[in-house]
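Enquirer: Sending over a structure as structure tokens; questions will come in a sec.
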Amino acid sequence: MSSIPYIDIHTHPFHNEIETITVQNIFPGDGFAAFNGRNFYSVGLHPWHLGSKQENNEALQMVEEALEFDHVIFVGEAGLDKINGGDFIEQLRVFEAQAVIAEEYQYPLIIHCVKALNEVIALREKMNPVMPWIMHGYNGSVEITKQLVDKGFLFSFGKNLFREDSKAVKSFKYLPLNKIFFETDELDLNVDTIYEQAAALKEMPVEVIKKAVWINFNQIEKSLMPGRI
């Protein structure tokens with residue numbers, strides 16, 4: 001059996017898996033379990049869940065408080081959504097605030113983006129962040145992917161890899177292994193199923209994919225993870 005674990009970089013349901021390191025997404029103020037060696041968390045204010053400016057400011061404070069726990073390792077998911085999000089001006093303010101928090105506390109940022117790619121790119125260009133920005137649930141075209149790679153983004157793939165006609169499949173085949181992660185998001189399945197699909201698409205062994213993602217994960221978490229696993 002391989003000593004390299006699977007990495008599920010973004011999941012909402014709790015997954016109690018022996019061979020998988022999970023990063024479970026929770027919302028500001030949610031409780032979370034004590035660290036057991038493999039259960040990590042991301043905390044962020046999602047654009048679907050914005051309230052008043054005061055409520056959002058209180059939630060942002062809770063995000064900062066959650067980052068005091070060692071096994072909270074990402075900010076997000078945060079981002080912009082022109083389809084299902086609330087007031088877009090407030091979305092922009094809250095997203096930028098979380099990007100600043102991620103940079104100040106030195107945490108990667110998990111990004112939810114729907115029909116707002118130009119604004120996400122503009123903020124990255126404005127901030128020029130050092131910490132990684134990861135596009136979650138990625139389903140962009142190869143042309144867009146090339147632009148994002150040039151700007152330093154990373155990519156997390158999930159259910160769209162099972163749709164043969166999806167833009168995600170073409171972009172995944174284009175991307176080098178050092179730019180990718182995998183996620184179950186809200187799917188009720190284990191992430192190894194996504195790894196198997198990814199290996200088939202890349203026409204390479206699953207173990208090669210596992211090693212690459214493990215290296216990627218340790219590179220973005222190298223200041224936080226020594227000796228944990």
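We name chains A, B, ... following the order of the structure tokens; residues begin at 1 in each chain, and ligands are numbered from 1 as shown.
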Tell me, as a count of residues only, which residues lie within 8 Å of Ala59 in chain A, counting only C-alpha atoms; anything in the same chain fewer than 4 positions away does not count.
Expert: 5
Enquirer: Could you pull out the helix (DSSP H, G or I) residues of range 1-227 of chain A, going by DSSP on the backbone, and write them as a ChimeraX atom specification?
Expert: /A:47-49,53-66,88-105,117-127,142-150,159-162,167-174,177-179,191-202,206-220
Enquirer: So how many Å separate CA of Leu92 in chain A and CA of Ala116 in chain A, to one decimal?
Expert: 10.1 Å
Enquirer: Quick check, in Å to one decimal: how far apart do CA of Val130 in chain A and CA of Pro108 in chain A lie?
Expert: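 Distance reported for this atom pair: 9.1 Å.
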Enquirer: Figure out the distance between CA of Val23 in chain A and CA of Tyr138 in chain A, please, to one decimal in Å.
Expert: 16.8 Å
Enquirer: Which is closest to Ile18 in chain A among A:Asn190, A:Gln54, A:Asp150, A:Pro205, if we use only C-alpha atoms?
Expert: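 Of A:Asn190, A:Gln54, A:Asp150, A:Pro205, the one nearest Ile18 in chain A, counting only C-alpha atoms, is A:Asn190.
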